[in-house]
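Data file: data-v5.txt. Format and content: compact mmCIF, C-alpha atoms and all ligand atoms.
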# COMPACT_ATOMS: atom_id res chain seq x y z
CA MET A 17 70.57 115.71 135.03
CA THR A 18 69.42 114.87 131.52
CA THR A 19 71.70 115.27 128.51
CA ASP A 20 70.12 118.58 127.57
CA GLU A 21 70.34 119.96 131.12
CA THR A 22 73.97 118.87 131.40
CA ILE A 23 74.90 120.51 128.11
CA ALA A 24 73.04 123.71 129.01
CA VAL A 25 74.76 124.03 132.42
CA GLU A 26 78.23 123.30 131.04
CA GLN A 27 77.77 125.75 128.19
CA ALA A 28 76.64 128.43 130.64
CA LEU A 29 79.33 127.89 133.27
CA GLU A 30 82.47 126.48 131.64
CA ILE A 31 84.71 128.49 129.38
CA PRO A 32 84.79 126.85 125.95
CA THR A 33 87.54 124.23 125.59
CA TYR A 34 87.28 121.44 123.04
CA SER A 35 84.40 121.09 120.61
CA LYS A 36 82.40 118.48 122.49
CA MET A 37 80.59 115.31 121.45
CA PRO A 38 76.84 115.91 121.82
CA MET A 39 76.19 113.53 124.69
CA ALA A 40 76.79 113.34 128.43
CA LEU A 41 78.68 110.31 129.72
CA VAL A 42 77.94 108.74 133.08
CA ARG A 43 79.47 105.26 133.17
CA GLY A 44 82.22 103.18 131.64
CA ASP A 45 83.02 99.47 131.57
CA GLY A 46 85.82 97.94 129.51
CA SER A 47 85.82 99.33 125.98
CA TYR A 48 82.35 100.86 126.38
CA VAL A 49 80.99 104.12 127.81
CA TYR A 50 77.33 104.91 128.48
CA ASP A 51 75.46 108.22 128.28
CA THR A 52 72.66 109.67 130.39
CA GLU A 53 70.09 108.14 128.03
CA GLY A 54 71.57 104.65 128.47
CA ASN A 55 73.17 104.52 125.00
CA ALA A 56 76.35 102.43 124.77
CA TYR A 57 79.39 103.53 122.73
CA LEU A 58 82.40 101.45 121.77
CA ASP A 59 85.12 103.90 122.78
CA PHE A 60 87.91 103.71 120.20
CA TYR A 61 88.81 107.30 121.19
CA GLY A 62 89.97 105.75 124.47
CA GLY A 63 88.71 108.66 126.59
CA HIS A 64 91.17 110.94 124.67
CA CYS A 65 94.01 108.41 124.42
CA VAL A 66 93.94 107.95 128.20
CA CYS A 67 92.06 104.75 129.05
CA ILE A 68 94.73 102.24 128.01
CA LEU A 69 93.09 99.46 130.07
CA GLY A 70 89.54 100.35 129.08
CA HIS A 71 87.11 102.14 131.37
CA CYS A 72 87.15 101.56 135.13
CA PRO A 73 89.76 98.76 135.00
CA PRO A 74 89.02 96.79 138.21
CA ARG A 75 92.66 96.41 139.29
CA VAL A 76 93.30 100.16 139.05
CA VAL A 77 89.97 101.06 140.67
CA LYS A 78 90.71 98.72 143.58
CA ALA A 79 94.22 100.14 144.06
CA ILE A 80 92.88 103.71 144.12
CA GLN A 81 90.10 102.77 146.56
CA LYS A 82 92.60 101.08 148.89
CA GLN A 83 94.99 104.05 148.74
CA ALA A 84 92.19 106.57 149.31
CA GLY A 85 91.20 104.74 152.50
CA GLU A 86 94.79 104.59 153.80
CA LEU A 87 96.29 107.99 152.91
CA LEU A 88 94.44 110.06 150.32
CA PHE A 89 97.16 112.66 149.93
CA TYR A 90 100.45 113.96 151.09
CA SER A 91 102.71 115.91 148.76
CA ASN A 92 106.29 115.22 147.80
CA VAL A 93 107.51 116.94 150.97
CA ALA A 94 107.14 113.55 152.66
CA HIS A 95 108.43 110.17 151.48
CA SER A 96 105.84 107.61 150.44
CA PRO A 97 106.12 103.85 149.84
CA ILE A 98 103.51 103.95 147.06
CA ARG A 99 105.46 106.74 145.28
CA ALA A 100 108.65 104.74 145.66
CA ALA A 101 106.93 101.68 144.21
CA ALA A 102 105.50 103.66 141.27
CA ALA A 103 108.94 105.17 140.57
CA GLN A 104 110.46 101.68 140.60
CA SER A 105 107.85 100.41 138.13
CA VAL A 106 108.46 103.34 135.75
CA VAL A 107 112.26 103.16 135.92
CA GLU A 108 112.28 99.36 135.46
CA LEU A 109 110.43 99.82 132.16
CA ALA A 110 112.33 102.95 131.05
CA PRO A 111 115.21 102.77 128.54
CA ASP A 112 118.65 102.13 130.09
CA GLY A 113 120.26 105.32 131.36
CA LEU A 114 116.94 107.04 132.14
CA GLY A 115 117.03 106.01 135.76
CA ASN A 116 115.26 109.00 137.31
CA VAL A 117 111.68 110.21 137.26
CA PHE A 118 109.73 113.38 138.09
CA PHE A 119 105.98 112.96 138.56
CA ALA A 120 103.65 115.77 137.46
CA ASN A 121 99.97 116.09 136.55
CA SER A 122 99.62 116.68 132.81
CA GLY A 123 101.43 116.34 129.53
CA SER A 124 102.05 120.08 129.35
CA GLU A 125 103.60 120.15 132.83
CA ALA A 126 105.85 117.20 131.96
CA ASN A 127 107.04 118.87 128.75
CA GLU A 128 107.71 122.17 130.52
CA THR A 129 109.74 120.31 133.11
CA ALA A 130 111.75 118.48 130.45
CA LEU A 131 112.49 121.80 128.69
CA LYS A 132 113.58 123.36 131.99
CA LEU A 133 115.87 120.46 132.84
CA ALA A 134 117.44 120.62 129.36
CA ARG A 135 118.09 124.34 129.77
CA LYS A 136 119.71 123.89 133.15
CA TYR A 137 121.87 120.97 132.01
CA THR A 138 123.12 122.64 128.81
CA GLY A 139 123.18 126.25 130.03
CA ARG A 140 121.49 127.18 126.75
CA SER A 141 118.04 128.60 126.11
CA GLY A 142 116.90 127.84 122.54
CA ALA A 143 114.59 124.99 121.59
CA VAL A 144 113.77 123.33 118.29
CA ALA A 145 110.37 121.78 117.64
CA ILE A 146 108.75 120.32 114.53
CA SER A 147 106.00 121.77 112.38
CA GLY A 148 102.70 120.05 113.12
CA GLY A 149 103.83 119.07 116.62
CA PHE A 150 101.69 119.47 119.73
CA HIS A 151 103.23 119.66 123.19
CA GLY A 152 100.57 121.40 125.29
CA ARG A 153 99.01 124.77 126.02
CA THR A 154 100.68 126.13 129.16
CA LEU A 155 103.16 128.83 128.21
CA GLY A 156 106.39 126.82 128.26
CA ALA A 157 104.85 123.90 126.41
CA LEU A 158 102.88 126.20 124.12
CA ALA A 159 106.16 127.74 122.94
CA THR A 160 106.94 124.40 121.29
CA THR A 161 103.42 123.70 119.97
CA HIS A 162 103.34 124.61 116.31
CA LYS A 163 99.76 125.66 115.59
CA SER A 164 99.88 129.44 115.13
CA MET A 165 96.29 129.96 116.32
CA TYR A 166 97.33 128.66 119.75
CA ARG A 167 100.69 130.47 119.99
CA GLU A 168 100.40 133.81 118.28
CA PRO A 169 98.44 135.73 120.95
CA TYR A 170 101.24 134.93 123.44
CA LEU A 171 104.39 135.33 121.36
CA ASP A 172 105.73 138.08 123.62
CA VAL A 173 105.98 135.73 126.61
CA LEU A 174 106.90 132.45 124.93
CA PRO A 175 110.50 131.19 125.19
CA GLU A 176 112.29 131.24 121.83
CA THR A 177 111.54 128.17 119.71
CA HIS A 178 112.60 127.41 116.14
CA PHE A 179 110.36 125.17 114.06
CA ALA A 180 111.88 122.77 111.55
CA PRO A 181 109.73 121.50 108.69
CA TYR A 182 108.42 117.97 109.33
CA GLY A 183 111.01 115.29 108.50
CA ASP A 184 113.67 117.84 107.46
CA ILE A 185 116.85 116.67 109.19
CA ASP A 186 119.01 119.21 107.32
CA ALA A 187 116.96 122.10 108.71
CA ILE A 188 117.47 120.74 112.23
CA ALA A 189 121.21 120.35 111.57
CA ASP A 190 121.42 124.01 110.50
CA LEU A 191 119.61 125.13 113.66
CA LEU A 192 121.76 123.02 116.00
CA ALA A 193 124.95 124.32 114.36
CA SER A 194 124.47 127.61 116.23
CA GLY A 195 125.49 125.79 119.44
CA GLU A 196 122.73 127.64 121.27
CA ILE A 197 119.99 125.02 121.27
CA ALA A 198 119.23 123.35 124.60
CA ALA A 199 116.73 120.81 123.28
CA VAL A 200 114.93 119.32 120.33
CA ILE A 201 111.43 118.23 121.33
CA LEU A 202 109.25 116.05 119.14
CA GLU A 203 106.62 113.33 118.97
CA ALA A 204 107.71 110.21 117.08
CA ILE A 205 104.09 109.91 115.97
CA GLN A 206 102.45 113.31 115.50
CA SER A 207 98.99 112.27 116.59
CA ILE A 208 96.93 115.41 116.24
CA ALA A 209 98.58 116.23 112.91
CA GLY A 210 97.12 112.98 111.52
CA MET A 211 99.23 110.14 112.97
CA ARG A 212 102.39 111.00 111.03
CA MET A 213 105.14 108.60 112.06
CA ALA A 214 108.81 109.55 111.85
CA SER A 215 111.07 107.15 109.94
CA THR A 216 113.77 105.15 111.68
CA SER A 217 116.52 106.87 109.68
CA PHE A 218 115.19 110.31 110.71
CA MET A 219 115.08 109.40 114.39
CA GLN A 220 118.54 107.82 114.34
CA GLU A 221 120.08 110.78 112.51
CA LEU A 222 118.38 113.14 114.94
CA ARG A 223 119.84 111.23 117.90
CA GLU A 224 123.33 111.48 116.37
CA LEU A 225 122.93 115.19 115.59
CA CYS A 226 121.80 116.01 119.13
CA THR A 227 124.73 114.09 120.61
CA GLU A 228 127.17 115.83 118.27
CA HIS A 229 125.93 119.30 119.27
CA GLY A 230 125.37 118.66 123.00
CA THR A 231 121.63 119.28 122.52
CA MET A 232 119.13 117.31 124.61
CA LEU A 233 116.67 115.10 122.74
CA ILE A 234 113.24 115.25 124.38
CA LEU A 235 110.79 112.63 123.16
CA ASP A 236 107.21 113.66 123.89
CA GLU A 237 105.54 110.32 124.57
CA VAL A 238 102.40 111.79 126.07
CA GLN A 239 100.48 109.70 123.52
CA THR A 240 102.97 107.03 122.40
CA GLY A 241 104.16 105.99 125.87
CA VAL A 242 103.15 103.32 128.40
CA GLY A 243 103.08 100.48 125.89
CA ARG A 244 100.49 101.89 123.52
CA THR A 245 102.76 101.33 120.50
CA GLY A 246 104.00 97.92 121.65
CA THR A 247 106.98 98.98 123.80
CA PHE A 248 107.00 101.09 126.95
CA SER A 249 108.81 103.84 125.05
CA ILE A 250 108.58 104.14 121.28
CA SER A 251 112.32 104.94 121.33
CA GLU A 252 112.89 101.17 121.69
CA HIS A 253 111.32 100.70 118.27
CA TYR A 254 113.81 103.18 116.79
CA GLY A 255 116.82 101.77 118.65
CA ILE A 256 117.67 105.15 120.19
CA THR A 257 117.82 106.53 123.73
CA PRO A 258 116.47 110.06 124.24
CA ASP A 259 117.84 112.25 127.02
CA LEU A 260 114.39 112.98 128.40
CA ILE A 261 111.04 111.28 127.81
CA THR A 262 107.67 112.65 128.84
CA MET A 263 104.63 110.43 129.41
CA ALA A 264 101.10 111.29 130.51
CA LYS A 265 97.65 110.25 129.18
CA SER A 266 97.80 106.43 129.61
CA LEU A 267 100.13 106.43 132.61
CA GLY A 268 97.39 106.33 135.26
CA ALA A 269 94.74 104.63 133.08
CA GLY A 270 92.43 107.61 133.70
CA VAL A 271 93.87 109.25 136.80
CA PRO A 272 95.66 112.56 136.04
CA VAL A 273 99.39 111.94 136.21
CA SER A 274 102.46 112.51 134.06
CA ALA A 275 106.12 111.67 134.31
CA VAL A 276 109.43 112.93 133.01
CA LEU A 277 112.01 110.16 132.60
CA VAL A 278 115.38 111.79 133.09
CA HIS A 279 118.82 110.61 132.00
CA ASP A 280 121.15 110.01 134.93
CA ASP A 281 123.62 112.71 133.76
CA ILE A 282 120.87 115.34 133.67
CA ALA A 283 119.44 114.20 137.00
CA GLU A 284 122.81 114.84 138.63
CA THR A 285 122.51 118.56 137.83
CA VAL A 286 119.06 118.97 139.39
CA GLU A 287 119.02 120.55 142.81
CA SER A 288 116.30 120.57 145.40
CA GLY A 289 113.99 123.48 144.62
CA ASP A 290 114.64 123.45 140.84
CA GLN A 291 111.35 121.72 140.27
CA GLY A 292 108.32 120.77 142.31
CA SER A 293 104.56 120.29 142.13
CA THR A 294 102.13 120.09 145.04
CA PHE A 295 99.99 117.42 143.44
CA GLY A 296 102.72 115.75 141.36
CA GLY A 297 103.47 112.36 142.87
CA GLY A 298 100.27 112.41 144.95
CA MET A 299 99.31 109.04 146.38
CA LEU A 300 96.15 108.37 144.39
CA ALA A 301 98.02 108.98 141.15
CA MET A 302 100.91 106.81 142.32
CA ALA A 303 98.58 103.95 143.22
CA ALA A 304 97.07 104.26 139.74
CA VAL A 305 100.48 104.26 138.02
CA LYS A 306 101.63 101.19 139.94
CA ALA A 307 98.44 99.24 139.26
CA THR A 308 98.37 100.27 135.58
CA LEU A 309 101.97 99.21 134.94
CA ASP A 310 101.56 96.00 136.97
CA GLN A 311 98.56 94.99 134.88
CA ILE A 312 100.28 95.85 131.58
CA VAL A 313 103.34 93.81 132.56
CA ASP A 314 101.54 90.87 134.22
CA GLU A 315 99.09 90.43 131.34
CA ARG A 316 101.78 91.08 128.68
CA LEU A 317 99.50 93.71 127.16
CA MET A 318 102.22 95.54 125.24
CA SER A 319 102.43 92.64 122.81
CA ARG A 320 98.68 93.00 122.24
CA ALA A 321 99.19 96.49 120.71
CA GLU A 322 100.58 95.25 117.40
CA GLU A 323 98.08 92.35 117.29
CA ILE A 324 95.20 94.82 117.59
CA HIS A 325 96.76 96.97 114.84
CA SER A 326 97.13 94.10 112.39
CA ARG A 327 93.73 92.57 113.19
CA LEU A 328 92.19 95.96 112.52
CA ALA A 329 94.07 96.17 109.22
CA ASP A 330 92.70 92.73 108.25
CA ALA A 331 89.16 93.61 109.36
CA LEU A 332 89.11 96.92 107.47
CA GLY A 333 90.66 95.60 104.27
CA SER A 334 90.21 98.08 101.45
CA SER A 335 87.56 100.21 103.18
CA VAL A 336 90.32 102.68 104.20
CA ALA A 337 92.93 104.27 101.94
CA GLU A 338 95.72 103.96 104.50
CA LEU A 339 96.24 102.68 108.03
CA ARG A 340 98.79 104.79 109.91
CA GLY A 341 100.53 104.83 113.25
CA LYS A 342 101.67 101.95 115.39
CA GLY A 343 100.04 99.56 117.84
CA CYS A 344 97.02 101.19 119.49
CA LEU A 345 97.77 104.69 118.16
CA ILE A 346 96.12 104.47 114.79
CA GLY A 347 95.22 106.81 111.96
CA LEU A 348 92.66 105.82 109.32
CA LYS A 349 93.02 107.82 106.15
CA LEU A 350 89.95 107.87 103.95
CA ASP A 351 89.50 109.08 100.38
CA GLN A 352 86.76 111.37 101.68
CA PRO A 353 86.53 113.93 104.53
CA VAL A 354 86.23 112.09 107.85
CA ALA A 355 84.05 114.59 109.77
CA PRO A 356 80.67 113.22 108.56
CA VAL A 357 81.94 109.65 108.95
CA ILE A 358 82.92 110.32 112.58
CA GLU A 359 79.42 111.66 113.22
CA ALA A 360 77.80 108.66 111.53
CA LEU A 361 80.04 106.31 113.53
CA ARG A 362 78.73 107.92 116.72
CA ASP A 363 75.18 107.31 115.55
CA HIS A 364 76.21 103.68 115.04
CA GLY A 365 77.55 103.55 118.62
CA VAL A 366 81.31 104.08 118.09
CA LEU A 367 83.55 106.94 119.27
CA VAL A 368 86.72 107.96 117.39
CA GLY A 369 88.66 111.23 117.04
CA GLY A 370 89.41 113.60 114.22
CA SER A 371 92.74 115.21 113.41
CA VAL A 372 94.14 118.31 111.74
CA ASP A 373 94.18 116.32 108.49
CA PRO A 374 90.56 116.35 107.25
CA HIS A 375 91.04 112.88 105.75
CA VAL A 376 92.44 111.18 108.87
CA MET A 377 90.49 109.90 111.87
CA ARG A 378 92.29 108.74 114.99
CA LEU A 379 91.72 105.56 116.97
CA MET A 380 93.28 105.02 120.40
CA PRO A 381 91.63 101.81 121.59
CA PRO A 382 92.70 100.19 124.87
CA LEU A 383 95.28 97.40 124.93
CA THR A 384 92.47 95.23 126.32
CA THR A 385 90.41 95.53 123.09
CA THR A 386 89.03 92.14 122.06
CA ASP A 387 88.98 90.70 118.54
CA ALA A 388 85.16 90.81 118.71
CA GLU A 389 85.29 94.56 119.41
CA ILE A 390 87.53 95.07 116.38
CA GLU A 391 84.86 93.34 114.27
CA VAL A 392 82.18 95.59 115.84
CA PHE A 393 84.26 98.61 114.84
CA ALA A 394 84.80 97.34 111.28
CA SER A 395 81.05 96.72 110.80
CA ALA A 396 80.20 100.13 112.24
CA LEU A 397 82.66 101.81 109.86
CA THR A 398 81.07 100.05 106.88
CA ALA A 399 77.63 101.14 108.09
CA ALA A 400 78.84 104.71 108.70
CA LEU A 401 80.38 104.93 105.22
CA ASP A 402 77.08 103.68 103.76
CA THR A 403 75.14 106.26 105.79
CA VAL A 404 77.37 109.08 104.51
CA ALA A 405 77.12 107.79 100.93
CA ASP A 406 73.29 107.71 101.24
CA LEU A 407 73.29 111.30 102.53
CA GLU A 408 75.29 112.40 99.52
CA VAL A 409 72.91 110.84 96.98
N1 LIG A 501 101.91 116.30 124.12
C1 LIG A 501 101.13 115.59 123.31
C2 LIG A 501 101.75 114.75 122.23
C3 LIG A 501 99.74 115.63 123.45
O1 LIG A 501 98.96 114.94 122.62
C4 LIG A 501 99.18 116.44 124.48
C5 LIG A 501 97.72 116.52 124.66
O2 LIG A 501 96.92 116.10 123.87
C6 LIG A 501 100.05 117.16 125.31
C7 LIG A 501 101.40 117.06 125.11
C8 LIG A 501 99.51 118.02 126.41
O3 LIG A 501 99.01 117.20 127.42
P1 LIG A 501 97.95 117.78 128.49
O4 LIG A 501 96.70 118.10 127.77
O5 LIG A 501 97.81 116.65 129.47
O6 LIG A 501 98.60 118.97 129.11

Starting from the coordinates I provided, produce the structure as structure tokens.
Amino acid sequence: MTTDETIAVEQALEIPTYSKMPMALVRGDGSYVYDTEGNAYLDFYGGHCVCILGHCPPRVVKAIQKQAGELLFYSNVAHSPIRAAAAQSVVELAPDGLGNVFFANSGSEANETALKLARKYTGRSGAVAISGGFHGRTLGALATTHKSMYREPYLDVLPETHFAPYGDIDAIADLLASGEIAAVILEAIQSIAGMRMASTSFMQELRELCTEHGTMLILDEVQTGVGRTGTFSISEHYGITPDLITMAKSLGAGVPVSAVLVHDDIAETVESGDQGSTFGGGMLAMAAVKATLDQIVDERLMSRAEEIHSRLADALGSSVAELRGKGCLIGLKLDQPVAPVIEALRDHGVLVGGSVDPHVMRLMPPLTTTDAEIEVFASALTAALDTVADLEV
């Protein structure tokens, strides 16, 4: 199918989801993807923050191919050595005390599971989330997603959630004082909101508050997890241990899989039948998780995250107003609206993402990004800014 045919068929048959980039992708290799016309794009959008090892990482591809030939699928109703190995890899990297894992298929499913486990453990029902936060679109996760356009049509079926203003620890303290809150859920870096990163003092105070009130702290690491910010969990950066951590996107380097890392105390209260998922923990996903984490550990790629961040800062110099985020979860704030710049970047062969903040574009490059690719990005940004400036003359 050509690009035009592909777009026409998708528009006719799929319900609308995201606003799509105007090309059809057919191949990927390392940091690059290729469209039906043979155009190459440097993918600093990382396939939607997923492709942490670049596109089609050979070690992961090989592991999936091997697993597919041996046992393509059997659900969690049977034991599986590859699931056991994946669980070991996750738990070895997880913060101390989070010695249990539940495998699911998406970020939303992981967050819903974490919220359910917190409710069961505490015997309470309320949740607190943060304005600007995004935790998914299935009903349980949607309840904690802030954007009113997403939530309001479903308010009658969403579990009760209180939203605290961003960074306002006193507002959270007031809400927890009721003694009725099962969990606080938040992203340490609010990606979609424009890569807003919580301060260390905020995160440490929040940890103390939750402990004081017997409320579970759920860290949504759907974007920050798996080493993207330089440590397996961003909680290590803050020196805190959450009660539950959710990870998705990067966990299978492109294969759909998510995980809830569960504190041992909470895990003790979970009974068979409380949670389950036919496809969660499926063998292909488990082979992908194991291979992804093995490569990240063996090649010490987590330490590359901060190097990429600082090299990018050096390469961009004063062409951006502010560089946000951490490691390979990066926000570039410009003095001008980013939408036309993102479009011009695409014309110059580079993919990045937008955000809710009209002045912030998001970069989620793989941990395998080379210094040469950072230079390619910096040159493309200069060219894109020139293109936009020319258009405005
Ligand atoms: N949490 C965060 C922080 C996310 O960015 C997303 C998706 O972008 C989700 C949860 C939902 O994940 P999924 O789309 O896999 O359900």

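All residues, whether protein, DNA or RNA, that have an atom at most 7 Å from ligand LIG 501 (chain A) (counting all atoms listed in the file) are Ser122, Gly123, Ser124, Glu125, Asn127, Phe150, His151, Gly152, Arg153, Glu203, Gln206, Ser207, Ile208, Asp236, Glu237, Val238, Gln239, Ala264 and Lys265 of chain A.
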
Next on the checklist: Using all atoms listed in the file, list the residues that have an atom at most 12 Å from (99.8, 100.3, 130.9), coordinates as in the file, as a VMD selection string.
Outcome noted: chain A and resid 65 to 70 73 75 to 76 105 to 106 109 239 to 249 263 to 270 304 to 321 344 382 to 384

Please report as a Markdown table every residue of region 213-304 of chain A lying within 9 Å of region 80-84 of chain A, along with the nearest atom pair and their distance in Å (one decimal), using all atoms listed in the file.
| residue | atom | partner | partner_atom | distance |
| --- | --- | --- | --- | --- |
| A:Met299 | CA | A:Gln83 | CA | 7.0 |
| A:Leu300 | CA | A:Ile80 | CA | 5.7 |
| A:Ala301 | CA | A:Ile80 | CA | 7.9 |
| A:Met302 | CA | A:Ile80 | CA | 8.8 |
| A:Ala303 | CA | A:Ile80 | CA | 5.8 |
| A:Ala304 | CA | A:Ile80 | CA | 6.1 |

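CA of Leu114 (chain A) lies 5.9 Å from CA of Asp280 (chain A).
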
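For the pair CA of Leu29 (chain A) and CA of Asn121 (chain A), the separation is 24.0 Å.
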
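From CA of Tyr90 (chain A) back to CA of Asn116 (chain A), the distance works out to 20.8 Å.
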
Next on the checklist: as a list of chain:residue names, please: the residues near Leu233 (chain A) (cut-off 6 Å, only C-alpha atoms, same-chain neighbours under 6 positions excluded).
Outcome noted: A:Ala199, A:Val200, A:Pro258, A:Asp259

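For Ile282 (chain A), the set of protein, DNA and RNA residues having any atom at most 9 Å away, when counting only C-alpha atoms and skipping those fewer than 6 positions along the same chain, is A:Leu133, A:Ala134, A:Lys136, A:Tyr137, A:Asp259, A:Leu260.
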
Checklist entry - Which residue out of A:Glu176, A:Asp373, A:Glu252, A:Asp51 has the minimum interatomic distance to Gly148 (chain A) when all atoms listed in the file are used? => result A:Asp373

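If all atoms listed in the file are the atoms counted, then among A:Leu348, A:Leu191, A:Arg135, A:Asp363 the closest residue to Pro38 (chain A) is A:Asp363.
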
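For the residues A:Cys226, A:Val25, A:Leu401, A:Ala143, ranking by smallest atom-to-atom distance to Ile197 (chain A) using only C-alpha atoms places A:Ala143 first.
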
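For the choices A:Ala103, A:Val404, A:Glu128, A:Gly369, the atom-to-atom distance to Ser35 (chain A) is smallest for A:Gly369 when using only C-alpha atoms.
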
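Nearest to Lys132 (chain A) of all the residues A:Gly54, A:Gly63, A:Gly44, A:Gly292 is A:Gly292, counting all atoms listed in the file.
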